[in-house]
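Asker: Shown below is the structure under consideration.
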Amino acid sequence: MVSENLVKDVVSEPYKYGFVTDIETEKISKGLNEDTIRLISEKKEEPEYLLNFRLNAFRKWQKMEEPNWADLGYKKINYQDIIYYSAPKQKEKISSLDEVDPKLLETFDKLGIPLTEQKKLTNVAVDAVFDSVSIATTFRKELAEHGVIFCSISEAVKDHSNLIEKYLGSVVPANDNYFAALNSAVFSDGSFVYIPKGVKCPMDLSSYFRINSGDSGQFERTLIIAEESSSVSYLEGCTAPMFDTNTLHAAVVELITLDDASIKYSTVQNWYAGNEEGVGGIFNFVTKRGKCLGKRSKISWSQVETGSAITWKYPSCILLGEESVGEFYSVALTNNLQQADTGTKMIHIGPRTKSTIVSKGISAGNSINSYRGLVKMGSKASGSRNYSQCDSMLIGDQAAANTFPYIQSQQPNSEIEHEASTCRISEDQLFYLQSRGIEFEEAVSMMVSGFCRDVFNQLPMEFAAEADKLLALKLEGSVG
Amino acid sequence: MQSKTKELDPILEVNNLFASIENLPILKGVSISVNPGEIHAIMGRNGCGKSTLSKIIAGHPSYKITKGEIKFIGNDIQSLEPEERAQSGIFLGFQYPIEIPGVSNLEFLRVATNARRKFLNKEELDTFDFEDLVKEKLNLVKMDSAFLSRSINQGFSGGEKKRNEILQMALLEPKIAILDETDSGLDIDALRIVASGIKKISNKQTGIILITHYQRLLEEIQPDYVHVMSDGQIIKTGESDLALELEKNGYEWTDNFVKE
């Protein structure tokens with residue numbers, strides 16, 4: 001029927017972040033061995049404990065196997081063909097933004113993340129990461145007045161070494177999994193956040209990750225610590241140029257909340273996804289995990305995943321503190337030949353802990369979109385509860401959606417609830433909206449946002465609007 | 001003078017229309033002309049092509065016109081998208097209104113109304129102004145404002161869905177409304193509500209086509225013309241008493257008609 005054509009064209013909008021910044025970079029040579037790691041550590045003038053952390057991770061990684069349990073198919077990654085450190089050349093010490101290479105500022109400007117004093121976003125502090133290094137962090141002084149530390153992780157290693165030594169790897173151990181081990185060995189930069197006791201962070205914090213170089217991987221590491229009764233909302237955005245090769249991105253994010261603290265972590269991931277034939281795009285293998293150490297503490301993940309050729313990502317919560325709360329709200333959209341295997345793990349250890357999972361997968365084109373989630377009730381998690389809802393939407397008749405919920409309970413006095421559904425945008429639904437004067441693409445986008453509403457409601461406001469637009473853009477032409 | 005003659009031009013003219021779906025011919029030469037203020041009824045058995053005709057006028061993409069033309073206020077509309085037809089004033093009341101989960105009925109009605117208003121060079125309505133408008137129109141079909149916050153048609157009863165269609169018609173103020181079996185699945189009270197809603201909305205500038213199997217709706221809304229359709233053709237046209245005859249004699253009676 002006509003619907004086949006109708007439902008084929010909505011995703012061909014060119015990727016508007018696909019430009020490359022022509023900038024002189026300092027790169028080390030390809031390949032990975034202990035010397036590479038020593039070199040990275042040396043460049044960053046790291047203390048010995050950190051070099052040992054890296055080497056230990058590397059030795060473990062060498063003994064590990066790349067996981068193959070996810071519903072993903074891709075060409076074997078040659079880890080010796082990747083550059084593990086790439087940084088734009090600039091002055092050794094930058095004391096103010098004026099000394100940052102204008103090309104870099106221009107790049108972030110183009111991405112909608114102005115960094116300069118005059119233009120910077122007024123309500124959000126931004127840490128801008130370009131390939132392997134953090135370029136600039138805005139509003140640092142203002143934040144420091146509240147005792148909030150927001151800087152690159154490299155700086156934190158120098159200035160707040162006690163916190164790094166105490167918490168780095170405490171949520172995601174170096175040998176946690178293959179990609180986390182790789183990251184632990186070679187991580188270059190990322191963001192560090194520390195919210196002191198009793199402080200509500202006065203503004204949203206945000207990291208913007210930009211991969212610019214085609215042959216280097218990005219291995220950033222983020223660590224956020226919220227002390228007792230503190231709270232913070234953190235946003236993360238990502239883009240990359242269009243290359244016809246695949247670039248590896250293996251990040252680790254660790255969150256820690258103490259008593260009554262809360263962290264809300266939102267991501268809009270729009271790495272380059274490859275072209276319609278599936279050539280190029282980012283391989284996104286990410287380990288994100290939060291530990292609710294304190295009583296009544298809360299960690300909430302919300303993510304909108306639209307980019308990357310491959311997404312392998314399970315933002316998780318370890319609910320240790322009694323009555324702690326974990327949340328996961330996710331929209332994952334795949335199109336063309338994109339593949340996503342994403343979900344969460346909610347590990348209930350403390351008593352009366354609660355978790356909520358809401359996952360919305362949208363698959364268009366020939367893509368595969370899988371939800372994979374684990375809910376585990378430990379033996380001491382009495383009175384704990386979980387609610388999961390996993391919905392899939394199919395656009396066209398070539399896309400696939402899967403749901404893999406895993407449930408393990410050692411606690412009879414706990415509740416686990418799981419709901420799942422699959423739907424398809426039908427030609428009749430589209431025709432119905434059109435026959436009321438609503439343009440075709442608006443009709444698709446209304447239906448997609450309607451489907452994602454429960455998740456968008458969880459995003460910070462500016463992000464929600466952006467996410468809505470991003471989805472519409474990603475689907476443009478794929479149905480029409 | 002000129003404006004007067006213009007008013008007398010038909011709103012809708014279907015001329016010798018042939019159409020098929022997946023190469024299966026459904027319409028085999030349908031002609032019908034609707035003037036402003038006229039109410040036409042099209043009756044016929046299931047599968048005779050009534051619903052197909054209505055969907056083709058609204059621009060459903062699954063059907064292919066193989067011959068003939070459809071003119072709306074003098075212009076051939078074949079190349080127009082369904083949304084363009086709707087914006088310019090063609091309204092199709094669905095026999096089976098579609099459920100769309102997650103999309104709020106209120107937002108849907110507002111976007112649709114504004115699309116039509118934009119076409120008419122009227123100011124688009126913001127949320128507040130629209131709520132005032134929609135509440136006024138809700139009374140026409142005796143609907144509760146709770147319907148507005150629900151997803152489009154989701155979990156609506158048959159009667160509620162049909163009333164929601166008439167609400168849309170009230171908001172869009174079409175030049176021609178084709179109501180496909182709006183009476184089916186309604187109890188007598190709901191039928192009266194729907195019929196009185198239609199009557200209140202229609203005026204001397206509006207044309208209405210009622211597609212129905214039964215006389216019931218036509219007792220509430222008296223048509224000016226009744227067409228009997230069979231096997232993709234209109235085989236007989238008469239005035240409202242034709243519907244009564246049909247009711248009395250059944251569709252078998254029409255089997256003997258040849259196309260006029």
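Following the order of the structure tokens, chains are lettered A, B, ..., residues in each are numbered from 1, and ligands are numbered from 1.
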I need the residues of range 190-235 of chain B that end up classed as strand (DSSP E or B) by DSSP on the backbone, written out as a PDB file with N, CA and C atoms, in the first residue's frame.

Answerer:
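Result saved to part_17.pdb:
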```
ATOM      1  N   GLY B 207     -22.538  22.820   3.066  1.00  0.00           N
ATOM      2  CA  GLY B 207     -23.142  21.655   2.443  1.00  0.00           C
ATOM      3  C   GLY B 207     -22.895  20.448   3.329  1.00  0.00           C
ATOM      4  N   ILE B 208     -23.856  19.536   3.353  1.00  0.00           N
ATOM      5  CA  ILE B 208     -23.676  18.352   4.204  1.00  0.00           C
ATOM      6  C   ILE B 208     -24.014  17.100   3.413  1.00  0.00           C
ATOM      7  N   ILE B 209     -23.149  16.090   3.545  1.00  0.00           N
ATOM      8  CA  ILE B 209     -23.475  14.778   2.991  1.00  0.00           C
ATOM      9  C   ILE B 209     -23.559  13.807   4.152  1.00  0.00           C
ATOM     10  N   LEU B 210     -24.703  13.193   4.309  1.00  0.00           N
ATOM     11  CA  LEU B 210     -24.874  12.199   5.365  1.00  0.00           C
ATOM     12  C   LEU B 210     -24.815  10.821   4.735  1.00  0.00           C
ATOM     13  N   ILE B 211     -23.880  10.027   5.178  1.00  0.00           N
ATOM     14  CA  ILE B 211     -23.816   8.658   4.678  1.00  0.00           C
ATOM     15  C   ILE B 211     -24.425   7.764   5.736  1.00  0.00           C
ATOM     16  N   THR B 212     -25.416   7.005   5.365  1.00  0.00           N
ATOM     17  CA  THR B 212     -26.094   6.205   6.388  1.00  0.00           C
ATOM     18  C   THR B 212     -26.774   4.985   5.777  1.00  0.00           C
ATOM     19  N   TYR B 225     -31.854  15.875  -0.663  1.00  0.00           N
ATOM     20  CA  TYR B 225     -31.754  14.834  -1.684  1.00  0.00           C
ATOM     21  C   TYR B 225     -31.305  13.531  -1.055  1.00  0.00           C
ATOM     22  N   VAL B 226     -31.776  12.442  -1.614  1.00  0.00           N
ATOM     23  CA  VAL B 226     -31.318  11.129  -1.178  1.00  0.00           C
ATOM     24  C   VAL B 226     -30.774  10.398  -2.398  1.00  0.00           C
ATOM     25  N   HIS B 227     -29.545   9.867  -2.252  1.00  0.00           N
ATOM     26  CA  HIS B 227     -28.951   9.094  -3.343  1.00  0.00           C
ATOM     27  C   HIS B 227     -28.812   7.659  -2.889  1.00  0.00           C
ATOM     28  N   VAL B 228     -29.106   6.754  -3.790  1.00  0.00           N
ATOM     29  CA  VAL B 228     -28.910   5.350  -3.459  1.00  0.00           C
ATOM     30  C   VAL B 228     -27.682   4.863  -4.223  1.00  0.00           C
ATOM     31  N   MET B 229     -26.777   4.260  -3.490  1.00  0.00           N
ATOM     32  CA  MET B 229     -25.538   3.813  -4.113  1.00  0.00           C
ATOM     33  C   MET B 229     -25.493   2.300  -4.135  1.00  0.00           C
ATOM     34  N   SER B 230     -24.983   1.763  -5.235  1.00  0.00           N
ATOM     35  CA  SER B 230     -24.843   0.318  -5.332  1.00  0.00           C
ATOM     36  C   SER B 230     -23.673   0.010  -6.255  1.00  0.00           C
ATOM     37  N   GLN B 233     -21.755   2.946  -7.853  1.00  0.00           N
ATOM     38  CA  GLN B 233     -22.473   3.942  -8.651  1.00  0.00           C
ATOM     39  C   GLN B 233     -23.674   4.470  -7.869  1.00  0.00           C
ATOM     40  N   ILE B 234     -24.067   5.703  -8.199  1.00  0.00           N
ATOM     41  CA  ILE B 234     -25.334   6.189  -7.655  1.00  0.00           C
ATOM     42  C   ILE B 234     -26.416   5.748  -8.624  1.00  0.00           C
ATOM     43  N   ILE B 235     -27.320   4.882  -8.147  1.00  0.00           N
ATOM     44  CA  ILE B 235     -28.276   4.288  -9.075  1.00  0.00           C
ATOM     45  C   ILE B 235     -29.624   4.986  -9.032  1.00  0.00           C
TER      46      ILE B 235
END
```

Asker: With chain B as the partner and 6 Å as the cut-off, tabulate the residues of chain A that qualify, each row holding the nearest pair of atoms and their distance in Å to one decimal, using only C-alpha atoms, sorted by chain and rising number, as CSV.

Answerer:
```
residue,atom,partner,partner_atom,distance
A:Val2,CA,B:Ser62,CA,5.6
A:Gln434,CA,B:Glu83,CA,4.6
A:Ser435,CA,B:Pro82,CA,5.3
A:Arg436,CA,B:Ala112,CA,5.5
A:Gly437,CA,B:Glu83,CA,3.9
A:Ile438,CA,B:Glu83,CA,5.6
A:Glu439,CA,B:Glu83,CA,5.8
A:Gly450,CA,B:Gly102,CA,4.1
A:Phe451,CA,B:Gly102,CA,5.2
```

Asker: From the options B:Ala41, B:Ile201, B:Ile152, B:Ala190, which residue's atoms come nearest to Leu433 in chain A, counting only C-alpha atoms?

Answerer: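 Closest to Leu433 in chain A, using only C-alpha atoms: B:Ile152.
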
Asker: Got a sec: who's within 9 Å of Pro196 in chain A, counting only C-alpha atoms, leaving out chain neighbours fewer than 2 positions off, as an NGL selection string?

Answerer: :A and (146-149 or 194 or 198-200 or 225-230)

Asker: I need the chosen residues saved as a PDB file, in the first residue's frame, with N, CA and C atoms.

Answerer:
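Just written: selection_39.pdb:
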```pdb
ATOM      1  N   HIS A 146      28.986  29.319  46.776  1.00  0.00           N
ATOM      2  CA  HIS A 146      28.094  28.392  47.485  1.00  0.00           C
ATOM      3  C   HIS A 146      28.823  27.125  47.912  1.00  0.00           C
ATOM      4  N   GLY A 147      30.102  27.107  47.665  1.00  0.00           N
ATOM      5  CA  GLY A 147      30.878  25.922  48.025  1.00  0.00           C
ATOM      6  C   GLY A 147      30.771  24.801  47.003  1.00  0.00           C
ATOM      7  N   VAL A 148      30.110  25.090  45.874  1.00  0.00           N
ATOM      8  CA  VAL A 148      29.951  24.059  44.852  1.00  0.00           C
ATOM      9  C   VAL A 148      31.223  23.998  44.005  1.00  0.00           C
ATOM     10  N   ILE A 149      31.745  22.816  43.820  1.00  0.00           N
ATOM     11  CA  ILE A 149      32.907  22.661  42.942  1.00  0.00           C
ATOM     12  C   ILE A 149      32.410  22.112  41.614  1.00  0.00           C
ATOM     13  N   TYR A 194      30.991  18.684  43.013  1.00  0.00           N
ATOM     14  CA  TYR A 194      30.874  18.397  44.434  1.00  0.00           C
ATOM     15  C   TYR A 194      29.911  19.407  45.047  1.00  0.00           C
ATOM     16  N   GLY A 198      24.027  20.324  52.668  1.00  0.00           N
ATOM     17  CA  GLY A 198      22.957  21.310  52.837  1.00  0.00           C
ATOM     18  C   GLY A 198      22.779  22.300  51.693  1.00  0.00           C
ATOM     19  N   VAL A 199      23.574  22.181  50.641  1.00  0.00           N
ATOM     20  CA  VAL A 199      23.487  23.176  49.558  1.00  0.00           C
ATOM     21  C   VAL A 199      22.610  22.675  48.412  1.00  0.00           C
ATOM     22  N   LYS A 200      21.679  23.529  48.025  1.00  0.00           N
ATOM     23  CA  LYS A 200      20.940  23.249  46.791  1.00  0.00           C
ATOM     24  C   LYS A 200      21.672  24.010  45.710  1.00  0.00           C
ATOM     25  N   ILE A 225      29.343  14.181  43.368  1.00  0.00           N
ATOM     26  CA  ILE A 225      29.131  13.805  44.763  1.00  0.00           C
ATOM     27  C   ILE A 225      28.181  14.808  45.394  1.00  0.00           C
ATOM     28  N   ALA A 226      27.085  14.325  45.942  1.00  0.00           N
ATOM     29  CA  ALA A 226      26.145  15.210  46.640  1.00  0.00           C
ATOM     30  C   ALA A 226      26.164  14.838  48.116  1.00  0.00           C
ATOM     31  N   GLU A 227      26.681  15.775  48.922  1.00  0.00           N
ATOM     32  CA  GLU A 227      26.759  15.529  50.369  1.00  0.00           C
ATOM     33  C   GLU A 227      25.361  15.576  50.991  1.00  0.00           C
ATOM     34  N   GLU A 228      25.315  15.305  52.301  1.00  0.00           N
ATOM     35  CA  GLU A 228      24.021  15.244  52.999  1.00  0.00           C
ATOM     36  C   GLU A 228      23.122  16.440  52.687  1.00  0.00           C
ATOM     37  N   SER A 229      21.869  16.143  52.438  1.00  0.00           N
ATOM     38  CA  SER A 229      20.836  17.175  52.233  1.00  0.00           C
ATOM     39  C   SER A 229      21.174  18.184  51.140  1.00  0.00           C
ATOM     40  N   SER A 230      21.953  17.786  50.172  1.00  0.00           N
ATOM     41  CA  SER A 230      22.231  18.707  49.066  1.00  0.00           C
ATOM     42  C   SER A 230      21.484  18.212  47.828  1.00  0.00           C
TER      43      SER A 230
END
```

Asker: If we count only C-alpha atoms and set the cut-off at 12 Å, which residues sit around Asn402 in chain A, ignoring sequence neighbours fewer than 3 positions away in its own chain? Please answer as a ChimeraX atom specification.

Answerer: /A:70-72,339-343,359-363,367-373,390-394,399,405,420-422

Asker: So that I can check the surroundings of Phe139 in chain A, please list as a PyMOL selection string every protein, DNA and RNA residue that reaches within 8 Å of it, counting only C-alpha atoms and ignoring chain neighbours fewer than 3 positions away.

Answerer: chain A and resi 125-126+142-143

Asker: Rank nothing, just name the residue among B:Asn75, B:Asn35, B:Ser157, B:Asn256 nearest to Lys175 in chain B, using only C-alpha atoms.

Answerer: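 Of the candidates, the smallest distance to Lys175 in chain B is held by B:Asn35.
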
Asker: Could you jot down the CA of Leu168 in chain A to CA of Leu223 in chain A separation for me, Å, one decimal place?

Answerer: 7.2 Å

Asker: When distances are computed from only C-alpha atoms, which of A:Ser262, A:Thr138, A:Gln80, A:Gln408 shows the smallest separation from Gly326 in chain A?

Answerer: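 Using only C-alpha atoms, Gly326 in chain A sits closest to A:Ser262.
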
Asker: Just want the 9 Å neighbourhood of Gly232 in chain B, counted on only C-alpha atoms, with same-chain residues fewer than 2 positions away dropped. Output as a ChimeraX atom specification.

Answerer: /B:18-19,25-30,47-50,53,229-230,234

Asker: Write down as a PyMOL selection string the residues belonging to range 98-305 of chain A that are assigned helix (DSSP H, G or I) by DSSP computed on the backbone.

Answerer: chain A and resi 98-99+102-110+140-145+153-159+161-167+178-186

Asker: Could those residues be written to a file, using C-alpha atoms, as a PDB file, in the first residue's frame?

Answerer:
```
ATOM      1  CA  ASP A  98      39.978  35.094  26.648  1.00  0.00           C
ATOM      2  CA  GLU A  99      42.950  32.831  26.224  1.00  0.00           C
ATOM      3  CA  PRO A 102      38.716  31.493  19.313  1.00  0.00           C
ATOM      4  CA  LYS A 103      38.150  28.519  17.013  1.00  0.00           C
ATOM      5  CA  LEU A 104      37.111  26.458  19.993  1.00  0.00           C
ATOM      6  CA  LEU A 105      34.805  29.145  21.300  1.00  0.00           C
ATOM      7  CA  GLU A 106      33.349  29.449  17.823  1.00  0.00           C
ATOM      8  CA  THR A 107      32.790  25.693  17.695  1.00  0.00           C
ATOM      9  CA  PHE A 108      30.781  25.717  20.898  1.00  0.00           C
ATOM     10  CA  ASP A 109      28.969  28.832  19.718  1.00  0.00           C
ATOM     11  CA  LYS A 110      27.897  26.960  16.608  1.00  0.00           C
ATOM     12  CA  ARG A 140      32.927  28.797  38.546  1.00  0.00           C
ATOM     13  CA  LYS A 141      33.277  31.779  40.831  1.00  0.00           C
ATOM     14  CA  GLU A 142      29.571  32.126  41.406  1.00  0.00           C
ATOM     15  CA  LEU A 143      29.322  28.442  42.209  1.00  0.00           C
ATOM     16  CA  ALA A 144      32.350  28.564  44.485  1.00  0.00           C
ATOM     17  CA  GLU A 145      30.553  31.142  46.622  1.00  0.00           C
ATOM     18  CA  ILE A 153      38.152  16.023  36.380  1.00  0.00           C
ATOM     19  CA  SER A 154      41.805  16.749  35.543  1.00  0.00           C
ATOM     20  CA  GLU A 155      41.668  19.876  37.655  1.00  0.00           C
ATOM     21  CA  ALA A 156      39.882  18.007  40.415  1.00  0.00           C
ATOM     22  CA  VAL A 157      42.722  15.488  40.467  1.00  0.00           C
ATOM     23  CA  LYS A 158      45.083  18.363  41.194  1.00  0.00           C
ATOM     24  CA  ASP A 159      42.946  20.506  43.469  1.00  0.00           C
ATOM     25  CA  SER A 161      42.727  14.941  45.265  1.00  0.00           C
ATOM     26  CA  ASN A 162      41.241  13.644  48.520  1.00  0.00           C
ATOM     27  CA  LEU A 163      37.744  13.497  46.994  1.00  0.00           C
ATOM     28  CA  ILE A 164      39.004  11.831  43.823  1.00  0.00           C
ATOM     29  CA  GLU A 165      40.994   9.258  45.728  1.00  0.00           C
ATOM     30  CA  LYS A 166      38.021   8.507  47.945  1.00  0.00           C
ATOM     31  CA  TYR A 167      35.284   8.289  45.321  1.00  0.00           C
ATOM     32  CA  TYR A 178      35.097  -4.376  29.571  1.00  0.00           C
ATOM     33  CA  PHE A 179      34.358  -0.802  28.549  1.00  0.00           C
ATOM     34  CA  ALA A 180      34.520   0.589  32.074  1.00  0.00           C
ATOM     35  CA  ALA A 181      37.923  -1.057  32.489  1.00  0.00           C
ATOM     36  CA  LEU A 182      39.093   0.501  29.233  1.00  0.00           C
ATOM     37  CA  ASN A 183      37.849   3.893  30.359  1.00  0.00           C
ATOM     38  CA  SER A 184      39.500   3.528  33.763  1.00  0.00           C
ATOM     39  CA  ALA A 185      42.785   2.854  32.015  1.00  0.00           C
ATOM     40  CA  VAL A 186      42.742   5.696  29.510  1.00  0.00           C
TER      41      VAL A 186
END
```

Asker: Give the answer as one residue: which of A:Ser414, A:Ala364, A:Arg296, A:Gln429 has the shortest atom-to-atom distance to Ser379 in chain A, using only C-alpha atoms?

Answerer: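 Of A:Ser414, A:Ala364, A:Arg296, A:Gln429, the one nearest Ser379 in chain A, counting only C-alpha atoms, is A:Ser414.
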
Asker: Taking 5 positions as the minimum chain separation for residues in the same chain, which residues sit within 9 Å of Val141 in chain B when counting only C-alpha atoms? Answer as a PyMOL selection string.

Answerer: chain B and resi 163-164+166-167+193-194+196-198

Asker: Using only C-alpha atoms, find the one residue out of B:Glu181, B:Glu123, B:Asp132, B:Glu219 that sits nearest to Gly158 in chain B.

Answerer: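 Among the listed residues, B:Glu181 lies closest to Gly158 in chain B.
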